[in-house]
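Shown below: model05.cif, with mmCIF, C-alpha atoms.
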```cif
data_protein
loop_
_atom_site.label_atom_id
_atom_site.label_comp_id
_atom_site.auth_asym_id
_atom_site.auth_seq_id
_atom_site.Cartn_x
_atom_site.Cartn_y
_atom_site.Cartn_z
CA MET A 1 15.34 -18.84 -16.26
CA HIS A 2 16.49 -18.21 -19.83
CA LYS A 3 15.80 -14.49 -19.30
CA TYR A 4 18.34 -14.27 -16.46
CA PRO A 5 21.83 -15.18 -17.75
CA SER A 6 23.47 -14.47 -14.38
CA MET A 7 21.34 -17.19 -12.82
CA GLN A 8 22.21 -19.88 -15.36
CA ILE A 9 24.61 -22.85 -15.21
CA ASN A 10 25.24 -24.04 -18.75
CA ASN A 11 27.54 -26.96 -17.90
CA PHE A 12 25.60 -30.03 -16.75
CA LYS A 13 28.49 -31.51 -14.78
CA LEU A 14 29.03 -28.22 -12.97
CA TYR A 15 25.28 -27.98 -12.37
CA CYS A 16 25.29 -31.39 -10.63
CA GLN A 17 28.24 -30.37 -8.46
CA LYS A 18 26.71 -27.07 -7.43
CA THR A 19 23.27 -28.57 -6.81
CA ALA A 20 24.70 -31.10 -4.37
CA ARG A 21 26.68 -28.39 -2.62
CA ILE A 22 23.69 -26.04 -2.39
CA GLN A 23 21.50 -28.80 -1.01
CA GLU A 24 24.03 -29.48 1.74
CA TYR A 25 24.43 -25.77 2.49
CA VAL A 26 20.68 -25.19 2.73
CA THR A 27 19.72 -28.27 4.75
CA ASN A 28 22.62 -28.73 7.18
CA ALA A 29 21.97 -26.90 10.45
CA LYS A 30 25.67 -26.18 11.02
CA HIS A 31 25.60 -23.52 8.30
CA TYR A 32 23.06 -21.36 10.15
CA GLU A 33 23.27 -18.97 13.08
CA ASN A 34 22.95 -20.81 16.41
CA ARG A 35 23.06 -24.09 14.45
CA ASN A 36 19.38 -23.58 13.56
CA GLN A 37 18.23 -23.72 17.18
CA GLY A 38 15.90 -20.76 16.57
CA GLY A 39 14.39 -22.02 13.30
CA GLU A 40 16.79 -20.01 11.14
CA ARG A 41 16.75 -22.62 8.37
CA GLU A 42 12.98 -22.38 7.91
CA THR A 43 13.16 -18.58 7.89
CA PHE A 44 15.90 -18.68 5.26
CA ILE A 45 14.13 -21.18 3.00
CA ASN A 46 10.78 -19.42 3.28
CA HIS A 47 12.41 -16.19 2.11
CA PHE A 48 14.60 -17.58 -0.68
CA ASN A 49 12.25 -19.90 -2.52
CA LEU A 50 10.51 -20.01 -5.89
CA ILE A 51 7.29 -18.50 -4.56
CA GLN A 52 9.16 -15.42 -3.32
CA TRP A 53 11.16 -15.26 -6.55
CA LEU A 54 7.92 -14.96 -8.54
CA LYS A 55 6.80 -12.07 -6.31
CA ILE A 56 9.79 -9.80 -6.88
CA SER A 57 9.91 -7.33 -9.77
CA GLU A 58 11.42 -8.12 -13.15
CA THR A 59 14.02 -5.42 -12.54
CA GLU A 60 15.24 -7.07 -9.35
CA ARG A 61 15.30 -10.54 -10.91
CA LYS A 62 17.74 -9.31 -13.53
CA GLN A 63 20.03 -8.05 -10.76
CA HIS A 64 20.35 -11.41 -9.00
CA LYS A 65 23.42 -13.60 -9.56
CA LEU A 66 24.44 -17.07 -8.48
CA GLU A 67 27.51 -15.68 -6.71
CA ASN A 68 28.31 -12.30 -5.15
CA CYS A 69 24.67 -11.28 -5.54
CA MET A 70 24.13 -7.59 -4.80
CA PRO A 71 20.39 -7.77 -3.88
CA CYS A 72 20.98 -10.74 -1.57
CA ASN A 73 23.89 -8.93 0.09
CA THR A 74 22.01 -5.65 0.53
CA THR A 75 18.23 -5.63 0.12
CA HIS A 76 17.84 -9.08 1.70
CA ILE A 77 20.78 -8.89 4.09
CA GLU A 78 18.57 -9.30 7.17
CA ILE A 79 17.79 -12.84 6.00
CA SER A 80 21.08 -13.57 4.23
CA LYS A 81 23.05 -12.90 7.41
CA ILE A 82 21.54 -15.89 9.25
CA HIS A 83 23.41 -18.21 6.87
CA LYS A 84 27.17 -18.53 7.18
CA SER A 85 27.69 -18.15 3.43
CA VAL A 86 27.09 -14.39 3.72
CA SER A 87 30.20 -12.35 2.98
CA GLU A 88 32.10 -10.56 5.71
CA THR A 89 31.88 -7.34 3.69
CA SER A 90 28.07 -7.50 3.72
CA ILE A 91 28.04 -7.94 7.50
CA GLN A 92 30.39 -4.99 7.92
CA ILE A 93 28.16 -2.77 5.74
CA LEU A 94 25.08 -3.86 7.71
CA ASN A 95 26.76 -3.14 11.05
CA LEU A 96 27.98 0.25 9.82
CA SER A 97 24.51 1.16 8.54
CA GLU A 98 22.90 0.22 11.85
CA GLN A 99 25.51 2.24 13.74
CA ILE A 100 24.97 5.33 11.57
CA VAL A 101 21.19 5.24 12.06
CA GLU A 102 21.50 4.70 15.81
CA ASN A 103 24.05 7.49 16.26
CA VAL A 104 22.13 10.04 14.19
CA SER A 105 18.83 9.05 15.77
CA SER A 106 20.21 9.43 19.29
CA ILE A 107 21.14 13.09 18.77
CA LEU A 108 17.75 14.10 17.36
CA PRO A 109 15.39 14.90 20.28
CA THR A 110 12.18 14.42 18.29
CA SER A 111 9.01 12.43 18.79
CA THR A 112 8.63 8.94 17.34
CA ALA A 113 6.19 10.18 14.67
CA THR A 114 8.73 12.49 13.02
CA LYS A 115 12.00 10.89 14.09
CA GLY A 116 12.28 8.57 11.10
CA LYS A 117 12.02 11.31 8.50
CA LYS A 118 14.41 13.64 10.32
CA THR A 119 16.91 10.84 10.89
CA ALA A 120 16.82 9.93 7.18
CA GLN A 121 17.31 13.56 6.17
CA ALA A 122 20.20 13.97 8.62
CA VAL A 123 21.92 10.85 7.26
CA ILE A 124 21.46 12.09 3.68
CA ASN A 125 22.82 15.54 4.56
CA VAL A 126 25.93 14.00 6.10
CA LEU A 127 26.52 11.43 3.37
CA ASN A 128 25.85 13.68 0.35
CA PRO A 129 29.15 15.64 0.32
CA LEU A 130 31.20 12.60 1.34
CA PHE A 131 29.56 10.38 -1.26
CA GLU A 132 29.82 13.00 -4.00
CA ASN A 133 33.49 13.59 -3.26
CA GLN A 134 34.17 9.87 -3.67
CA PHE A 135 31.84 9.02 -6.56
CA GLN A 136 31.18 12.42 -8.24
CA LYS A 137 27.45 12.04 -7.61
CA SER A 138 25.27 12.83 -4.61
CA PHE A 139 24.07 10.03 -2.35
CA GLU A 140 20.50 11.37 -2.54
CA LYS A 141 20.31 11.25 -6.34
CA SER A 142 22.09 7.90 -6.54
CA ALA A 143 19.62 6.38 -4.07
CA ALA A 144 16.65 7.77 -6.00
CA GLU A 145 17.98 6.37 -9.27
CA ALA A 146 18.78 2.98 -7.76
CA LEU A 147 15.37 2.59 -6.12
CA HIS A 148 13.31 4.35 -8.81
CA LEU A 149 11.72 6.49 -6.12
CA SER A 150 10.48 9.49 -8.03
CA PRO A 151 10.17 11.22 -11.42
CA ILE A 152 13.41 13.09 -10.65
CA GLU A 153 15.45 10.10 -11.82
CA ASN A 154 13.66 10.30 -15.16
CA MET A 155 14.23 14.02 -15.60
CA LEU A 156 16.59 15.43 -18.22
CA VAL A 157 18.65 17.86 -16.15
CA HIS A 158 21.70 19.43 -17.80
CA THR A 159 23.84 22.50 -17.19
CA ASP A 160 24.52 25.29 -19.66
CA GLU A 161 27.96 23.77 -20.21
CA TYR A 162 26.34 20.54 -21.40
CA TYR A 163 24.30 22.32 -24.08
CA ASP A 164 27.21 24.54 -25.07
CA THR A 165 29.27 21.44 -25.92
CA LEU A 166 26.57 19.75 -28.04
CA THR A 167 27.31 19.59 -31.74
CA GLU A 168 24.89 21.08 -34.25
CA ASP A 169 23.87 17.58 -35.37
CA LYS A 170 23.06 16.50 -31.80
CA ILE A 171 20.97 19.61 -31.21
CA ARG A 172 19.11 19.14 -34.49
CA GLN A 173 18.42 15.46 -33.74
CA ARG A 174 16.95 16.29 -30.35
CA LEU A 175 14.76 19.06 -31.71
CA GLN A 176 13.54 16.82 -34.53
CA LEU A 177 12.68 14.14 -31.99
CA LEU A 178 10.54 16.73 -30.22
CA GLY A 179 8.91 17.81 -33.47
CA GLU A 180 10.49 21.26 -33.45
CA GLU A 181 11.66 23.44 -36.34
CA THR A 182 15.39 23.18 -37.14
CA SER A 183 15.79 25.51 -40.14
CA VAL A 184 17.54 28.17 -38.05
CA SER A 185 21.10 28.85 -36.98
CA CYS A 186 22.95 26.56 -34.58
CA GLN A 187 22.92 29.21 -31.87
CA ASP A 188 19.17 29.72 -32.22
CA MET A 189 18.58 25.96 -32.08
CA ARG A 190 20.76 25.71 -28.97
CA PHE A 191 18.80 28.47 -27.23
CA LYS A 192 15.51 26.91 -28.32
CA LEU A 193 16.47 23.48 -26.94
CA LYS A 194 17.49 24.97 -23.59
CA ASN A 195 14.21 26.81 -23.35
CA ILE A 196 12.09 23.78 -24.26
CA VAL A 197 13.70 21.30 -21.86
CA ARG A 198 13.48 23.79 -18.98
CA THR A 199 9.81 24.61 -19.46
CA PHE A 200 7.56 22.30 -17.45
CA LYS A 201 3.81 21.97 -17.70
CA LEU A 202 1.68 21.52 -14.60
CA LYS A 203 -1.85 20.23 -14.30
CA MET A 204 -4.08 21.46 -11.51
CA TRP A 205 -7.13 19.98 -9.85
CA HIS A 206 -9.24 21.42 -7.09
CA ASN A 207 -12.37 20.58 -5.15
CA HIS A 208 -14.31 22.12 -2.33
CA SER A 209 -16.88 20.91 0.11
CA ASP A 210 -18.68 21.71 3.34
CA ILE A 211 -18.31 19.42 6.33
CA LEU A 212 -20.23 20.27 9.49
CA ASN A 213 -20.78 23.81 8.21
CA HIS A 214 -17.05 24.26 7.61
CA SER A 215 -15.79 24.94 4.09
CA PHE A 216 -12.78 23.07 2.75
CA VAL A 217 -10.85 23.73 -0.45
CA ASN A 218 -8.39 21.16 -1.82
CA PHE A 219 -5.81 21.95 -4.52
CA MET A 220 -3.54 19.36 -6.11
CA THR A 221 -0.87 19.74 -8.76
CA THR A 222 1.46 17.44 -10.64
CA ILE A 223 3.99 17.66 -13.46
CA MET A 224 2.81 16.53 -16.88
CA TYR A 225 5.05 14.17 -18.83
CA ASP A 226 6.79 15.62 -21.86
CA ALA A 227 9.63 13.99 -23.80
CA ALA A 228 11.33 17.40 -23.78
CA ASN A 229 11.71 17.25 -19.98
CA PHE A 230 11.93 13.54 -19.28
CA MET A 231 13.46 10.43 -20.79
CA THR A 232 11.58 8.52 -23.45
CA ASP A 233 10.52 4.95 -22.69
CA ASN A 234 13.53 3.55 -24.57
CA GLU A 235 15.97 5.88 -22.82
CA TYR A 236 14.58 4.98 -19.40
CA GLN A 237 14.61 1.21 -20.06
CA THR A 238 18.20 1.45 -21.28
CA LEU A 239 19.27 3.38 -18.17
CA ALA A 240 17.38 1.09 -15.78
CA ARG A 241 18.54 -2.02 -17.69
CA THR A 242 15.02 -3.40 -17.75
CA THR A 243 12.60 -4.76 -20.32
CA SER A 244 9.66 -3.76 -18.16
CA SER A 245 6.65 -2.25 -19.92
CA THR A 246 6.70 0.64 -17.43
CA THR A 247 6.44 3.92 -19.34
CA GLY A 248 8.13 7.22 -18.59
CA GLN A 249 4.76 8.91 -18.38
CA SER A 250 3.48 6.48 -15.73
CA ILE A 251 6.55 7.21 -13.58
CA VAL A 252 6.31 10.98 -13.89
CA GLU A 253 2.57 11.26 -13.43
CA LYS A 254 2.24 8.64 -10.70
CA PRO A 255 0.27 10.16 -7.80
CA GLN A 256 2.44 10.91 -4.77
CA LEU A 257 1.37 12.05 -1.34
#
```

Can I see the file as structure tokens?
Amino acid sequence: MHKYPSMQINNFKLYCQKTARIQEYVTNAKHYENRNQGGERETFINHFNLIQWLKISETERKQHKLENCMPCNTTHIEISKIHKSVSETSIQILNLSEQIVENVSSILPTSTATKGKKTAQAVINVLNPLFENQFQKSFEKSAAEALHLSPIENMLVHTDEYYDTLTEDKIRQRLQLLGEETSVSCQDMRFKLKNIVRTFKLKMWHNHSDILNHSFVNFMTTIMYDAANFMTDNEYQTLARTTSSTTGQSIVEKPQL
């Protein structure tokens, strides 16, 4: 556990005290919903044990803490809630989330096959302006960054104002990193950098076949990784606060259906 400082107890006396308390909390039926009459204790232990710990990603392990643990209070809330140690705030967030999904879902007269996607999009559309007003960032982008859902989180997206405020040294450093010529004026370098980072390269693949005398043509396309458009490995690992060997290229060029 030396790699996870937030999961460490460096004082032996405190460790003994907490271990005894945790043992009582985990084993005593009175700390579970329905006093463990429905097997809640076994469900809880089977979910929060060393075997399950070894299955989760390195990124998530680094997020866990001994107290006020965000993953336990959010990602694993369905299990955490059966133990009475769960915070009231976590229960309130869970109840609110369930209510939002139920309310939005009830007003969308769609079939079961498409209801999930439309409900998710409706929730995002409602939350985006509210979330952005409160946190100066859209809910959709924040969720993508938090969950590492797509190459978008790895993309270098900046406005004209951002590039207009860059110093000559910053522009030159970025161009040199990309292997570009910098023996021109600051204005020319600024224009060149804008043009480079906004030019994406696509790779195409196609195939065709005949099935039962019917012709089929299949085209697929994906964005190619380029340090001009996306974060470098070091930049991504710093942002994601991870030491994972995952590369920026593997994220960008990962096949998606």

How many Å separate CA of Tyr162 (chain A) from CA of Thr182 (chain A)?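 Straight-line distance from CA of Tyr162 (chain A) to CA of Thr182 (chain A) works out to 19.4 Å.
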
Identify, on the basis of all atoms listed in the file, every residue whose closest approach to region 75-89 of chain A does not exceed 7 Å; exclude the query and any residue fewer than 6 positions from it along the same chain; express the result as a list in words. His31, Tyr32, Glu33, Glu40 and Phe44 of chain A

Go ahead and write the residues just picked, C-alpha atoms, as a tab-separated table (two decimals), in the frame of the given file.
```
chain	number	residue	atom	x	y	z
A	31	HIS	CA	25.60	-23.52	8.30
A	32	TYR	CA	23.06	-21.36	10.15
A	33	GLU	CA	23.27	-18.97	13.08
A	40	GLU	CA	16.79	-20.01	11.14
A	44	PHE	CA	15.90	-18.68	5.26
```

Which of these residues is nearest to Glu181 (chain A), using only C-alpha atoms: A:Ile93, A:Leu193, A:Ala122, A:Ile107?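 Result for the nearest residue to Glu181 (chain A): A:Leu193.
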
Near-Thr222 (chain A) list (10 Å; only C-alpha atoms; drop same-chain fewer than 5 positions) as a list of chain:residue names: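 Counting only the stated atoms, we get A:Lys201, A:Leu202, A:Lys203, A:Met204, A:Trp205, A:Val252, A:Glu253, A:Lys254, A:Pro255, A:Gln256.
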
Taking into account all atoms listed in the file, which residue in the set A:Leu175, A:Ala228, A:Ile124, A:Val26 is nearest to Asn49 (chain A)? A:Val26

Report, in Å with one decimal, the straight-line distance from CA of Phe139 (chain A) to CA of Thr74 (chain A). 16.1 Å

If I take CA of Asn234 (chain A) and CA of Glu161 (chain A), how far is one from the other in Å, to one decimal?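 Distance reported for this atom pair: 25.2 Å.
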
List the residues selected by the PyMOL selection byres ((chain A and resi 186) around 9) in the file shown, writing them as a PyMOL selection string. chain A and resi 167-168+171-172+182+184-185+187-191

May I ask which of the residues A:Asn36, A:Asn28, A:Asn11, A:Ser106 is the closest one to Lys118 (chain A), counting all atoms listed in the file?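 Nearest candidate to Lys118 (chain A) out of A:Asn36, A:Asn28, A:Asn11, A:Ser106: A:Ser106.
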
Let me make sure I understand: among A:Asp226, A:Glu102, A:Glu140, A:Asp210, which one has the smallest atom-to-atom distance to Gln121 (chain A) if we use all atoms listed in the file?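 Selected residue with least distance to Gln121 (chain A): A:Glu140.
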
Hey, can you pull every residue with an atom no more than 10 Å from (22.7, -18.0, -10.2), using all atoms listed in the file, and send it as a CSV table (one decimal) with C-alpha atoms, in the coordinates of the input?
```
chain,number,residue,atom,x,y,z
A,1,MET,CA,15.3,-18.8,-16.3
A,4,TYR,CA,18.3,-14.3,-16.5
A,5,PRO,CA,21.8,-15.2,-17.8
A,6,SER,CA,23.5,-14.5,-14.4
A,7,MET,CA,21.3,-17.2,-12.8
A,8,GLN,CA,22.2,-19.9,-15.4
A,9,ILE,CA,24.6,-22.8,-15.2
A,64,HIS,CA,20.4,-11.4,-9.0
A,65,LYS,CA,23.4,-13.6,-9.6
A,66,LEU,CA,24.4,-17.1,-8.5
A,67,GLU,CA,27.5,-15.7,-6.7
A,68,ASN,CA,28.3,-12.3,-5.2
A,69,CYS,CA,24.7,-11.3,-5.5
```

Given 8 Å on each side, where is the centre and what are the edge lengths in Å to one decimal of the axis-aligned box enclosing the listed atoms of region 208-225 of chain A, as AutoDock Vina command-line options?
```
--center_x -7.9 --center_y 19.6 --center_z -4.7 --size_x 41.8 --size_y 26.8 --size_z 44.3
```

Near Glu98 (chain A), counting all atoms listed in the file, which residues have an atom at most 12 Å away, once you skip same-chain residues fewer than 6 positions from it, shown as an MDAnalysis selection string? chainID A and resid 78 91:92 104:105 123
